>>> print(open('start24.cif').read())   # mmCIF, C-alpha atoms and all ligand atoms
data_input
loop_
_atom_site.label_atom_id
_atom_site.label_comp_id
_atom_site.auth_asym_id
_atom_site.auth_seq_id
_atom_site.Cartn_x
_atom_site.Cartn_y
_atom_site.Cartn_z
CA MET I 1 -45.23 46.16 -86.20
CA LEU I 2 -44.79 47.64 -82.76
CA ASP I 3 -46.57 46.01 -79.79
CA GLY I 4 -48.75 44.07 -82.23
CA LYS I 5 -50.04 47.21 -83.90
CA LYS I 6 -49.32 48.62 -87.33
CA THR I 7 -47.69 52.02 -87.65
CA LEU I 8 -49.26 55.21 -88.91
CA PHE I 9 -47.53 58.43 -89.89
CA SER I 10 -48.92 61.79 -90.91
CA GLY I 11 -48.02 65.44 -90.77
CA MET I 12 -49.19 68.93 -91.48
CA GLN I 13 -47.32 72.05 -92.38
CA ALA I 14 -47.29 74.96 -89.99
CA THR I 15 -48.06 77.46 -92.72
CA GLY I 16 -51.12 79.68 -92.72
CA ASN I 17 -54.12 79.30 -90.49
CA LEU I 18 -55.68 75.87 -90.48
CA THR I 19 -59.01 75.50 -92.24
CA LEU I 20 -62.03 73.31 -91.81
CA GLY I 21 -60.67 71.38 -94.84
CA ASN I 22 -57.52 70.49 -92.90
CA TYR I 23 -59.61 69.42 -89.94
CA LEU I 24 -62.21 67.34 -91.77
CA GLY I 25 -59.80 65.97 -94.38
CA ALA I 26 -56.98 65.12 -92.02
CA LEU I 27 -57.04 65.85 -88.30
CA LYS I 28 -60.50 64.41 -87.61
CA ASN I 29 -59.60 61.10 -89.29
CA TRP I 30 -56.34 60.97 -87.38
CA VAL I 31 -58.26 60.98 -84.13
CA THR I 32 -60.74 58.33 -85.31
CA ILE I 33 -58.10 55.79 -86.25
CA SER I 34 -55.40 56.61 -83.71
CA ASP I 35 -56.36 53.83 -81.27
CA GLU I 36 -55.77 51.07 -83.77
CA TYR I 37 -52.21 52.07 -84.69
CA ASN I 38 -48.90 53.22 -83.29
CA CYS I 39 -49.11 56.78 -84.47
CA PHE I 40 -46.55 59.41 -85.30
CA TYR I 41 -48.00 62.86 -85.99
CA SER I 42 -45.47 65.44 -86.97
CA VAL I 43 -45.59 69.20 -87.34
CA VAL I 44 -43.57 69.29 -90.56
CA ASP I 45 -41.83 72.61 -90.05
CA MET I 46 -38.96 71.67 -92.36
CA HIS I 47 -41.44 71.44 -95.23
CA SER I 48 -42.77 74.89 -94.33
CA ILE I 49 -39.55 76.68 -95.28
CA THR I 50 -39.90 75.66 -98.94
CA VAL I 51 -41.92 78.89 -98.98
CA ARG I 52 -40.48 81.99 -97.24
CA GLN I 53 -41.59 82.31 -93.62
CA ASP I 54 -41.25 84.95 -90.97
CA PRO I 55 -39.24 83.16 -88.24
CA ALA I 56 -41.32 84.39 -85.30
CA VAL I 57 -44.56 83.57 -87.08
CA LEU I 58 -43.35 80.10 -88.08
CA ARG I 59 -42.31 79.31 -84.50
CA LYS I 60 -45.67 80.44 -83.15
CA ARG I 61 -47.69 78.61 -85.77
CA ALA I 62 -45.75 75.41 -85.26
CA ARG I 63 -46.57 75.49 -81.56
CA THR I 64 -50.22 76.32 -82.25
CA LEU I 65 -50.44 73.38 -84.62
CA LEU I 66 -48.82 70.96 -82.20
CA THR I 67 -51.25 72.07 -79.50
CA LEU I 68 -54.14 71.74 -81.90
CA TYR I 69 -53.27 68.09 -82.58
CA ILE I 70 -53.78 67.47 -78.87
CA ALA I 71 -56.85 69.71 -78.59
CA ALA I 72 -58.45 67.76 -81.44
CA GLY I 73 -58.26 64.62 -79.32
CA LEU I 74 -54.90 62.98 -80.01
CA ASP I 75 -53.52 61.68 -76.74
CA PRO I 76 -49.85 62.77 -76.64
CA VAL I 77 -48.89 59.80 -74.49
CA LYS I 78 -50.29 57.19 -76.87
CA ASN I 79 -49.42 59.14 -80.03
CA CYS I 80 -46.00 60.55 -80.80
CA ILE I 81 -46.63 64.23 -81.53
CA TYR I 82 -43.45 66.09 -82.39
CA TYR I 83 -41.67 68.70 -84.52
CA GLN I 84 -39.98 67.32 -87.62
CA SER I 85 -37.05 69.73 -87.13
CA HIS I 86 -36.29 68.15 -83.74
CA VAL I 87 -35.41 64.81 -85.35
CA SER I 88 -32.38 65.24 -87.57
CA ALA I 89 -32.84 61.80 -89.14
CA HIS I 90 -35.52 63.32 -91.43
CA ALA I 91 -32.95 65.51 -93.16
CA GLU I 92 -30.36 62.74 -93.27
CA LEU I 93 -32.66 60.17 -94.84
CA ALA I 94 -34.05 62.78 -97.24
CA TRP I 95 -30.52 63.36 -98.56
CA ILE I 96 -30.01 59.65 -99.15
CA LEU I 97 -33.39 59.28 -100.84
CA ASN I 98 -32.63 62.28 -103.06
CA CYS I 99 -30.03 60.04 -104.62
CA PHE I 100 -32.73 57.45 -105.38
CA THR I 101 -35.25 59.85 -106.91
CA TYR I 102 -35.31 61.03 -110.52
CA MET I 103 -35.75 64.60 -111.70
CA GLY I 104 -38.40 63.37 -114.14
CA GLU I 105 -40.48 61.95 -111.30
CA LEU I 106 -40.34 65.17 -109.31
CA ASN I 107 -41.13 67.20 -112.41
CA ARG I 108 -44.52 65.51 -112.64
CA MET I 109 -45.68 66.54 -109.16
CA THR I 110 -48.73 68.77 -109.45
CA GLN I 111 -48.13 70.38 -106.05
CA PHE I 112 -44.69 71.48 -107.25
CA LYS I 113 -46.16 72.93 -110.44
CA ASP I 114 -48.88 74.77 -108.48
CA LYS I 115 -46.50 76.15 -105.87
CA ALA I 116 -43.87 77.10 -108.45
CA ALA I 117 -46.52 79.08 -110.33
CA LYS I 118 -47.63 80.77 -107.11
CA HIS I 119 -44.10 81.60 -105.91
CA ALA I 120 -42.42 82.30 -109.23
CA ASP I 121 -39.79 84.46 -107.50
CA ASN I 122 -38.65 81.60 -105.25
CA ILE I 123 -38.64 78.27 -107.06
CA ASN I 124 -36.04 76.77 -104.75
CA ALA I 125 -34.59 73.26 -104.81
CA GLY I 126 -36.40 72.44 -101.55
CA LEU I 127 -39.74 73.06 -103.20
CA PHE I 128 -38.71 70.63 -105.93
CA THR I 129 -37.49 67.90 -103.58
CA TYR I 130 -40.33 68.41 -101.09
CA PRO I 131 -41.78 64.94 -101.87
CA VAL I 132 -38.45 63.31 -101.03
CA LEU I 133 -38.48 64.80 -97.53
CA MET I 134 -42.06 63.61 -97.22
CA ALA I 135 -40.97 60.11 -98.29
CA ALA I 136 -38.24 60.23 -95.64
CA ASP I 137 -40.81 61.22 -92.99
CA ILE I 138 -42.96 58.23 -93.77
CA LEU I 139 -40.27 55.61 -94.40
CA LEU I 140 -38.23 56.47 -91.30
CA TYR I 141 -41.03 55.13 -89.10
CA GLN I 142 -41.76 52.13 -91.33
CA ALA I 143 -45.33 53.41 -91.58
CA ASP I 144 -47.99 51.05 -92.91
CA LEU I 145 -50.62 53.73 -93.23
CA VAL I 146 -50.61 57.44 -94.06
CA PRO I 147 -53.89 59.32 -93.60
CA VAL I 148 -54.02 62.31 -95.95
CA GLY I 149 -56.40 64.26 -98.15
CA ILE I 150 -56.77 63.26 -101.80
CA ASP I 151 -54.39 66.03 -102.88
CA GLN I 152 -51.48 64.14 -101.30
CA MET I 153 -52.00 60.86 -103.21
CA GLN I 154 -49.34 61.66 -105.78
CA HIS I 155 -46.79 62.16 -102.99
CA LEU I 156 -47.75 58.82 -101.49
CA GLU I 157 -47.23 57.13 -104.84
CA ILE I 158 -43.75 58.58 -105.28
CA THR I 159 -42.93 57.52 -101.71
CA ARG I 160 -43.84 53.94 -102.58
CA ASP I 161 -41.82 54.12 -105.81
CA ILE I 162 -38.73 55.37 -103.97
CA ALA I 163 -39.12 52.72 -101.27
CA GLN I 164 -39.56 49.96 -103.83
CA ARG I 165 -36.51 51.12 -105.77
CA PHE I 166 -34.42 51.12 -102.61
CA ASN I 167 -35.73 47.73 -101.47
CA SER I 168 -35.10 46.11 -104.84
CA THR I 169 -31.41 46.98 -104.53
CA TYR I 170 -30.82 46.52 -100.80
CA GLY I 171 -33.45 44.05 -99.59
CA ASP I 172 -36.56 44.72 -97.55
CA VAL I 173 -35.47 47.85 -95.73
CA PHE I 174 -38.65 49.95 -95.98
CA THR I 175 -42.27 49.09 -95.36
CA LEU I 176 -44.43 50.13 -98.32
CA PRO I 177 -47.01 52.60 -96.99
CA GLU I 178 -50.65 52.76 -98.03
CA ALA I 179 -52.62 56.01 -98.17
CA TYR I 180 -55.73 56.28 -96.06
CA ILE I 181 -58.35 58.64 -97.38
CA GLY I 182 -61.31 59.28 -95.09
CA LYS I 183 -64.77 58.56 -96.50
CA VAL I 184 -66.21 61.97 -95.69
CA GLY I 185 -64.44 65.29 -95.93
CA ALA I 186 -61.66 64.00 -98.20
CA LYS I 187 -61.92 67.14 -100.28
CA ILE I 188 -63.67 70.17 -98.85
CA MET I 189 -64.03 72.88 -101.46
CA SER I 190 -63.82 76.67 -101.21
CA LEU I 191 -67.09 78.28 -100.10
CA GLN I 192 -66.61 80.96 -102.73
CA GLU I 193 -65.26 78.87 -105.62
CA PRO I 194 -66.54 75.31 -105.21
CA SER I 195 -64.29 74.08 -108.02
CA LYS I 196 -61.19 74.87 -105.90
CA LYS I 197 -60.21 73.10 -102.69
CA MET I 198 -60.53 75.01 -99.44
CA SER I 199 -56.98 76.04 -98.74
CA LYS I 200 -55.20 77.95 -96.02
CA SER I 201 -53.22 79.88 -98.61
CA ASP I 202 -56.33 81.17 -100.44
CA GLU I 203 -56.27 84.98 -100.67
CA ASN I 204 -60.04 85.20 -100.22
CA PRO I 205 -60.75 84.62 -96.51
CA ASN I 206 -64.46 84.05 -97.22
CA GLY I 207 -63.66 80.89 -99.15
CA SER I 208 -62.33 79.14 -96.06
CA ILE I 209 -63.61 78.58 -92.56
CA TYR I 210 -60.61 78.84 -90.26
CA LEU I 211 -60.45 76.67 -87.19
CA MET I 212 -60.08 79.80 -85.08
CA ASP I 213 -63.05 81.70 -86.63
CA ASP I 214 -65.64 82.86 -84.09
CA LYS I 215 -69.23 81.72 -84.35
CA ASP I 216 -70.51 84.89 -86.05
CA THR I 217 -67.85 84.59 -88.73
CA ILE I 218 -68.65 80.91 -89.29
CA MET I 219 -72.36 81.67 -89.63
CA ARG I 220 -71.71 84.57 -92.01
CA LYS I 221 -69.35 82.55 -94.22
CA CYS I 222 -71.88 79.71 -94.45
CA ARG I 223 -74.77 82.07 -95.25
CA ARG I 224 -72.69 83.71 -97.98
CA ALA I 225 -71.40 80.44 -99.46
CA VAL I 226 -71.82 80.34 -103.23
CA THR I 227 -74.67 78.03 -104.27
CA ASP I 228 -77.00 78.02 -107.30
CA SER I 229 -80.50 79.05 -108.24
CA ALA I 230 -82.06 75.56 -108.11
CA GLY I 231 -83.08 76.14 -104.50
CA ILE I 232 -83.57 72.47 -103.55
CA ILE I 233 -81.38 70.39 -101.30
CA ARG I 234 -79.92 67.71 -103.58
CA TYR I 235 -76.55 65.98 -103.41
CA THR I 236 -75.41 66.23 -107.01
CA ASP I 237 -72.39 67.35 -109.04
CA GLU I 238 -74.67 69.77 -110.84
CA GLN I 239 -74.92 71.81 -107.62
CA PRO I 240 -71.23 71.83 -106.56
CA GLY I 241 -71.52 74.61 -103.96
CA LEU I 242 -74.46 72.93 -102.26
CA LYS I 243 -72.81 69.50 -102.52
CA ASN I 244 -69.81 70.88 -100.68
CA LEU I 245 -72.06 72.29 -97.93
CA ILE I 246 -73.75 68.89 -97.61
CA ASP I 247 -70.32 67.26 -97.33
CA ILE I 248 -69.38 69.69 -94.58
CA TYR I 249 -72.70 69.14 -92.79
CA CYS I 250 -72.32 65.36 -92.99
CA ALA I 251 -68.70 65.39 -91.86
CA CYS I 252 -69.65 67.54 -88.84
CA THR I 253 -72.82 65.71 -87.83
CA GLY I 254 -72.08 62.12 -88.85
CA LYS I 255 -75.21 62.08 -91.02
CA THR I 256 -75.27 60.76 -94.59
CA PRO I 257 -76.16 62.86 -97.66
CA ASP I 258 -79.43 60.85 -97.97
CA GLU I 259 -80.39 61.62 -94.38
CA THR I 260 -79.56 65.26 -94.96
CA MET I 261 -81.67 65.46 -98.11
CA LYS I 262 -84.60 63.97 -96.17
CA GLU I 263 -84.05 66.31 -93.23
CA PHE I 264 -84.18 69.36 -95.51
CA ASP I 265 -86.77 68.06 -97.94
CA GLY I 266 -89.00 70.96 -98.99
CA LYS I 267 -86.73 73.47 -97.29
CA GLY I 268 -84.52 76.01 -99.00
CA TYR I 269 -80.94 77.25 -98.69
CA GLY I 270 -82.14 79.90 -96.21
CA GLU I 271 -82.67 77.09 -93.70
CA PHE I 272 -79.89 74.77 -94.74
CA LYS I 273 -76.99 77.25 -94.69
CA PRO I 274 -77.47 78.33 -91.05
CA ALA I 275 -77.80 74.65 -90.10
CA VAL I 276 -74.40 74.03 -91.69
CA GLY I 277 -73.00 76.98 -89.72
CA GLU I 278 -74.40 75.59 -86.47
CA ALA I 279 -72.97 72.13 -87.20
CA VAL I 280 -69.53 73.59 -87.90
CA ALA I 281 -69.63 75.80 -84.81
CA ALA I 282 -70.63 72.82 -82.66
CA ILE I 283 -67.35 71.17 -83.69
CA LEU I 284 -65.08 74.22 -83.67
CA MET I 285 -66.16 76.00 -80.48
CA PRO I 286 -65.12 73.16 -78.11
CA LEU I 287 -61.92 72.70 -80.14
CA GLN I 288 -61.04 76.38 -79.63
CA GLU I 289 -61.72 76.18 -75.88
CA GLU I 290 -59.49 73.14 -75.49
CA GLN I 291 -56.78 74.79 -77.58
CA ALA I 292 -56.84 77.87 -75.32
CA ARG I 293 -56.70 75.73 -72.19
CA LEU I 294 -53.70 73.74 -73.45
CA THR I 295 -51.86 76.81 -74.73
CA ALA I 296 -51.98 78.30 -71.23
CA ASP I 297 -50.26 75.18 -69.83
CA LYS I 298 -46.77 75.90 -71.11
CA ALA I 299 -44.90 73.40 -68.94
CA TYR I 300 -47.18 70.54 -70.00
CA ILE I 301 -46.74 71.26 -73.72
CA ASP I 302 -42.97 71.71 -73.29
CA GLY I 303 -42.79 68.29 -71.64
CA ILE I 304 -44.63 66.67 -74.53
CA ILE I 305 -42.36 68.36 -77.07
CA LYS I 306 -39.24 67.07 -75.34
CA GLU I 307 -40.37 63.53 -74.63
CA ASN I 308 -41.91 62.91 -78.00
CA ALA I 309 -38.90 64.25 -79.90
CA GLU I 310 -36.77 61.69 -78.06
CA LYS I 311 -39.22 58.89 -78.76
CA ALA I 312 -39.47 59.81 -82.46
CA ALA I 313 -35.68 60.07 -82.76
CA TYR I 314 -35.27 56.59 -81.27
CA TYR I 315 -37.41 54.93 -83.96
CA ALA I 316 -36.18 57.17 -86.77
CA ASN I 317 -32.52 56.51 -85.96
CA LYS I 318 -33.08 52.76 -86.01
CA THR I 319 -34.18 52.94 -89.64
CA LEU I 320 -31.56 55.52 -90.55
CA ARG I 321 -28.71 53.38 -89.19
CA LYS I 322 -29.98 50.40 -91.14
CA VAL I 323 -30.11 52.43 -94.35
CA GLN I 324 -26.64 53.85 -93.76
CA ARG I 325 -25.25 50.37 -93.27
CA LYS I 326 -26.96 49.05 -96.40
CA ILE I 327 -25.60 51.77 -98.65
CA GLY I 328 -22.06 51.40 -97.34
CA PHE I 329 -21.45 54.29 -94.97
CA PRO I 330 -18.67 53.39 -92.51
CA ASP I 331 -19.77 51.93 -89.17
CA ARG I 332 -19.64 54.16 -86.11
CA ILE I 333 -16.87 53.27 -83.68
CA ARG I 334 -18.24 52.47 -80.23
CA ASN I 335 -16.17 52.04 -77.07
P1 LIG I 401 -51.67 75.12 -98.58
O1 LIG I 401 -52.85 75.89 -99.02
O2 LIG I 401 -50.69 75.91 -97.76
O3 LIG I 401 -51.05 74.27 -99.64
P2 LIG I 401 -53.42 73.18 -97.44
O4 LIG I 401 -54.56 73.91 -96.82
O5 LIG I 401 -53.64 72.49 -98.71
O6 LIG I 401 -52.17 74.12 -97.50
P3 LIG I 401 -51.73 71.17 -96.21
O7 LIG I 401 -50.83 71.59 -95.10
O8 LIG I 401 -51.09 70.97 -97.53
O9 LIG I 401 -52.95 72.16 -96.36
O10 LIG I 401 -52.50 69.87 -95.81
C1 LIG I 401 -52.65 69.31 -94.53
C2 LIG I 401 -53.59 68.14 -94.63
O11 LIG I 401 -54.93 68.60 -94.85
C3 LIG I 401 -53.30 67.18 -95.79
O12 LIG I 401 -53.50 65.84 -95.37
C4 LIG I 401 -54.29 67.57 -96.83
O13 LIG I 401 -54.60 66.50 -97.70
C5 LIG I 401 -55.49 67.98 -95.99
N1 LIG I 401 -56.31 68.97 -96.66
C6 LIG I 401 -55.92 70.22 -97.03
N2 LIG I 401 -56.94 70.89 -97.61
C7 LIG I 401 -57.99 70.04 -97.62
C8 LIG I 401 -59.33 70.13 -98.09
N3 LIG I 401 -59.80 71.23 -98.66
N4 LIG I 401 -60.16 69.07 -97.94
C9 LIG I 401 -59.71 67.94 -97.34
N5 LIG I 401 -58.46 67.78 -96.89
C10 LIG I 401 -57.60 68.80 -97.01
N1 LIG I 402 -47.09 67.25 -97.82
C1 LIG I 402 -48.10 67.18 -96.81
C2 LIG I 402 -47.57 67.31 -95.41
C3 LIG I 402 -46.66 66.20 -95.08
C4 LIG I 402 -47.04 64.85 -94.85
C5 LIG I 402 -45.83 64.16 -94.58
C6 LIG I 402 -48.26 64.19 -94.84
C7 LIG I 402 -45.30 66.27 -94.99
N2 LIG I 402 -44.81 65.04 -94.68
C8 LIG I 402 -45.83 62.79 -94.35
C9 LIG I 402 -48.25 62.82 -94.56
C10 LIG I 402 -47.05 62.13 -94.33
C11 LIG I 402 -49.07 68.29 -97.09
O1 LIG I 402 -48.77 69.23 -97.72
N3 LIG I 402 -50.23 68.14 -96.61
#
>>> encode(input="start24.cif", output="structure tokens", more="lines below")
Ligand code: ATP
Ligand code: LTN
Amino acid sequence: MLDGKKTLFSGMQATGNLTLGNYLGALKNWVTISDEYNCFYSVVDMHSITVRQDPAVLRKRARTLLTLYIAAGLDPVKNCIYYQSHVSAHAELAWILNCFTYMGELNRMTQFKDKAAKHADNINAGLFTYPVLMAADILLYQADLVPVGIDQMQHLEITRDIAQRFNSTYGDVFTLPEAYIGKVGAKIMSLQEPSKKMSKSDENPNGSIYLMDDKDTIMRKCRRAVTDSAGIIRYTDEQPGLKNLIDIYCACTGKTPDETMKEFDGKGYGEFKPAVGEAVAAILMPLQEEQARLTADKAYIDGIIKENAEKAAYYANKTLRKVQRKIGFPDRIRN
């Protein structure tokens, strides 16, 4: 508890171009709940290097992502928005937690299996211990709540297991975090293969709507989204492509699937798909304008980066010092 509020932590990797899935599944929810919590939102650039990155591209993407957090509506004074790599406590706690995590546990992680299959030429140890660094992120800030998409649930569970294991030996050091999965948009699927989640690392650009897509591209991708031959607007698992479009429409407009079915009763996909495009564009166009405005204000963003790194380090180091003491590292000598 800080100032009577619970603490929230979340992060996103600065890899690839962000998709509508990232926005609806994560960023949008972050903004909705940010007032009720003390929030830490990190650009997790240390996680990004588990897959090879071009240094200049990584640096640029990290900055774009940090700016996007603010453009999406997160107030950088009330919320601590910072780069993970600027707070060395993440790496230090991750090392300690590595020694409290079993190979067998990490071996079960589906994200590891997926990424190892995708990057068979670079199955590095960082990719394997990725969830431990994520646990360190969360536990350093004693987070009560972690808003993520459904795909991150397994990582949240291992975080709780590691924290519980540590606490059972050393006392109540870590708060046990709960996952927060938004009601709408928790899993946005690919527009081309509705059985796969929309992902920024998808090779087919038509499967994803990118946050920086222009309106024509958004409209085209929605029109070409894979649906079925039933031709009626129904929210059912039997029409997965359409169901995904309804989810997107609802997440963007705030309507429910029932309201949407009524609105498009008797109408076909030829009317519904452009309406989805319009709803998406109505969200993304203002976001892009705000992003451009903030990007131009270099001094303002630099100030936020500096101040928030210091603030994050203050809280992170408090937990780290406690952990170091508990496990028996020698005390620092102060004059
Ligand atoms: P990659 O394809 O590189 O693995 P990704 O697109 O899955 O990336 P992440 O950086 O792993 O994105 O995720 C950032 C956040 O966005 C996470 O909280 C994740 O759960 C959420 N998220 C990612 N894709 C979707 C999606 N299709 N629907 C809803 N939420 C999503
Ligand atoms: N693994 C997450 C990103 C991430 C994260 C975190 C999310 C790293 N550390 C801590 C929430 C809390 C992902 O791939 N989306």
>>> closest_atom_pairs(input="start24.cif", of="stretch 171-289 of chain I", to="stretch 105-119 of chain I", cutoff="12 Å", atoms="only C-alpha atoms", output="JSON lines")
{"residue": "I:Ser201", "atom": "CA", "partner": "I:Lys118", "partner_atom": "CA", "distance": 10.2}
{"residue": "I:Asp202", "atom": "CA", "partner": "I:Lys118", "partner_atom": "CA", "distance": 11.0}
{"residue": "I:Glu203", "atom": "CA", "partner": "I:Lys118", "partner_atom": "CA", "distance": 11.6}
>>> write_last_selection(input="start24.cif", atoms="C-alpha atoms", output="compact mmCIF listing (two decimals), in the frame of the given file")
# COMPACT_ATOMS: atom_id res chain seq x y z
CA SER I 201 -53.22 79.88 -98.61
CA ASP I 202 -56.33 81.17 -100.44
CA GLU I 203 -56.27 84.98 -100.67
>>> closest_residue(input="start24.cif", among="I:Ile333, I:Met134, I:Ile81, I:Leu242", to="ligand LIG 402 (chain I)", atoms="all atoms listed in the file")
I:Met134
>>> residues_around(input="start24.cif", residues="I:Pro55", least_positions_apart="5", cutoff="12 Å", atoms="all atoms listed in the file", output="VMD selection string")
chain I and resid 14 to 15 45 48 to 49 60 to 62
>>> residues_near_ligand(input="start24.cif", ligand="ligand LIG 402 (chain I)", cutoff="8 Å", atoms="all atoms listed in the file", output="list in words")
Phe9, Ser10, Gly11, Met12, Gln13, Ser42, Val44, His47, Tyr130, Pro131, Leu133, Met134, Ala135, Asp137, Ile138, Val146, Pro147, Val148, Gly149, Asp151, Gln152, His155 and Leu156 of chain I
>>> closest_residue(input="start24.cif", among="I:Asp247, I:Asp331, I:Asp75, I:Asp237", to="ligand LIG 401 (chain I)", atoms="only C-alpha atoms and all ligand atoms")
I:Asp247
>>> residues_around(input="start24.cif", residues="I:Thr19", least_positions_apart="2", cutoff="6 Å", atoms="only C-alpha atoms", output="VMD selection string")
chain I and resid 21 to 22 200 209 to 211
>>> residues_around(input="start24.cif", residues="I:Ile304", least_positions_apart="3", cutoff="8 Å", atoms="all atoms listed in the file", output="PyMOL selection string")
chain I and resi 76+81-82+300-301+307-308
>>> atom_distance(input="start24.cif", atom1="atom C10 of ligand LIG 401 (chain I)", atom2="atom CA of I:Thr67")
18.9 Å
>>> residues_around(input="start24.cif", residues="I:Pro286", least_positions_apart="3", cutoff="12 Å", atoms="only C-alpha atoms", output="JSON, numbers by chain")
{"I": [68, 71, 72, 73, 211, 212, 214, 215, 280, 281, 282, 283, 289, 290, 291, 292, 293]}
>>> write_last_selection(input="start24.cif", atoms="C-alpha atoms", output="mmCIF file, keeping the file's coordinate frame")
data_model
loop_
_atom_site.group_PDB
_atom_site.id
_atom_site.type_symbol
_atom_site.label_atom_id
_atom_site.label_comp_id
_atom_site.auth_asym_id
_atom_site.auth_seq_id
_atom_site.Cartn_x
_atom_site.Cartn_y
_atom_site.Cartn_z
ATOM 1 C CA LEU I 68 -54.140 71.740 -81.900
ATOM 2 C CA ALA I 71 -56.850 69.710 -78.590
ATOM 3 C CA ALA I 72 -58.450 67.760 -81.440
ATOM 4 C CA GLY I 73 -58.260 64.620 -79.320
ATOM 5 C CA LEU I 211 -60.450 76.670 -87.190
ATOM 6 C CA MET I 212 -60.080 79.800 -85.080
ATOM 7 C CA ASP I 214 -65.640 82.860 -84.090
ATOM 8 C CA LYS I 215 -69.230 81.720 -84.350
ATOM 9 C CA VAL I 280 -69.530 73.590 -87.900
ATOM 10 C CA ALA I 281 -69.630 75.800 -84.810
ATOM 11 C CA ALA I 282 -70.630 72.820 -82.660
ATOM 12 C CA ILE I 283 -67.350 71.170 -83.690
ATOM 13 C CA GLU I 289 -61.720 76.180 -75.880
ATOM 14 C CA GLU I 290 -59.490 73.140 -75.490
ATOM 15 C CA GLN I 291 -56.780 74.790 -77.580
ATOM 16 C CA ALA I 292 -56.840 77.870 -75.320
ATOM 17 C CA ARG I 293 -56.700 75.730 -72.190
#
>>> decode(input="start24.cif", residues="stretch 224-236 of chain I", atoms="N, CA, C and O atoms", output="PDB file, in the first residue's frame")
ATOM      1  N   ARG I 224     -11.026  -7.002 -45.630  1.00  0.00           N
ATOM      2  CA  ARG I 224     -10.479  -8.283 -46.089  1.00  0.00           C
ATOM      3  C   ARG I 224     -10.382  -9.326 -44.973  1.00  0.00           C
ATOM      4  O   ARG I 224      -9.852 -10.418 -45.183  1.00  0.00           O
ATOM      5  N   ALA I 225     -10.853  -9.001 -43.793  1.00  0.00           N
ATOM      6  CA  ALA I 225     -10.757  -9.946 -42.674  1.00  0.00           C
ATOM      7  C   ALA I 225     -11.492 -11.240 -43.039  1.00  0.00           C
ATOM      8  O   ALA I 225     -12.561 -11.205 -43.647  1.00  0.00           O
ATOM      9  N   VAL I 226     -10.873 -12.361 -42.656  1.00  0.00           N
ATOM     10  CA  VAL I 226     -11.463 -13.665 -42.976  1.00  0.00           C
ATOM     11  C   VAL I 226     -12.730 -13.868 -42.136  1.00  0.00           C
ATOM     12  O   VAL I 226     -12.693 -13.732 -40.906  1.00  0.00           O
ATOM     13  N   THR I 227     -13.844 -14.144 -42.820  1.00  0.00           N
ATOM     14  CA  THR I 227     -15.075 -14.487 -42.082  1.00  0.00           C
ATOM     15  C   THR I 227     -15.579 -15.832 -42.613  1.00  0.00           C
ATOM     16  O   THR I 227     -14.776 -16.727 -42.849  1.00  0.00           O
ATOM     17  N   ASP I 228     -16.866 -15.989 -42.812  1.00  0.00           N
ATOM     18  CA  ASP I 228     -17.425 -17.290 -43.205  1.00  0.00           C
ATOM     19  C   ASP I 228     -18.511 -17.031 -44.231  1.00  0.00           C
ATOM     20  O   ASP I 228     -18.715 -15.898 -44.651  1.00  0.00           O
ATOM     21  N   SER I 229     -19.243 -18.075 -44.579  1.00  0.00           N
ATOM     22  CA  SER I 229     -20.259 -17.874 -45.623  1.00  0.00           C
ATOM     23  C   SER I 229     -21.664 -17.751 -45.026  1.00  0.00           C
ATOM     24  O   SER I 229     -22.636 -17.640 -45.762  1.00  0.00           O
ATOM     25  N   ALA I 230     -21.762 -17.757 -43.691  1.00  0.00           N
ATOM     26  CA  ALA I 230     -23.100 -17.686 -43.067  1.00  0.00           C
ATOM     27  C   ALA I 230     -23.783 -16.342 -43.371  1.00  0.00           C
ATOM     28  O   ALA I 230     -24.996 -16.285 -43.590  1.00  0.00           O
ATOM     29  N   GLY I 231     -22.992 -15.279 -43.368  1.00  0.00           N
ATOM     30  CA  GLY I 231     -23.515 -13.976 -43.784  1.00  0.00           C
ATOM     31  C   GLY I 231     -24.417 -13.266 -42.792  1.00  0.00           C
ATOM     32  O   GLY I 231     -24.990 -12.245 -43.124  1.00  0.00           O
ATOM     33  N   ILE I 232     -24.585 -13.809 -41.584  1.00  0.00           N
ATOM     34  CA  ILE I 232     -25.394 -13.076 -40.589  1.00  0.00           C
ATOM     35  C   ILE I 232     -24.539 -12.734 -39.368  1.00  0.00           C
ATOM     36  O   ILE I 232     -23.628 -13.472 -39.009  1.00  0.00           O
ATOM     37  N   ILE I 233     -24.905 -11.588 -38.767  1.00  0.00           N
ATOM     38  CA  ILE I 233     -24.080 -11.086 -37.662  1.00  0.00           C
ATOM     39  C   ILE I 233     -24.509 -11.772 -36.368  1.00  0.00           C
ATOM     40  O   ILE I 233     -25.510 -11.400 -35.742  1.00  0.00           O
ATOM     41  N   ARG I 234     -23.739 -12.802 -35.994  1.00  0.00           N
ATOM     42  CA  ARG I 234     -24.025 -13.557 -34.768  1.00  0.00           C
ATOM     43  C   ARG I 234     -22.733 -13.685 -33.975  1.00  0.00           C
ATOM     44  O   ARG I 234     -21.661 -13.860 -34.554  1.00  0.00           O
ATOM     45  N   TYR I 235     -22.851 -13.648 -32.665  1.00  0.00           N
ATOM     46  CA  TYR I 235     -21.658 -13.745 -31.808  1.00  0.00           C
ATOM     47  C   TYR I 235     -21.545 -15.186 -31.340  1.00  0.00           C
ATOM     48  O   TYR I 235     -22.099 -15.568 -30.311  1.00  0.00           O
ATOM     49  N   THR I 236     -20.855 -15.999 -32.131  1.00  0.00           N
ATOM     50  CA  THR I 236     -20.784 -17.424 -31.788  1.00  0.00           C
ATOM     51  C   THR I 236     -19.425 -18.007 -32.170  1.00  0.00           C
ATOM     52  O   THR I 236     -18.787 -17.549 -33.133  1.00  0.00           O
TER      53      THR I 236
END
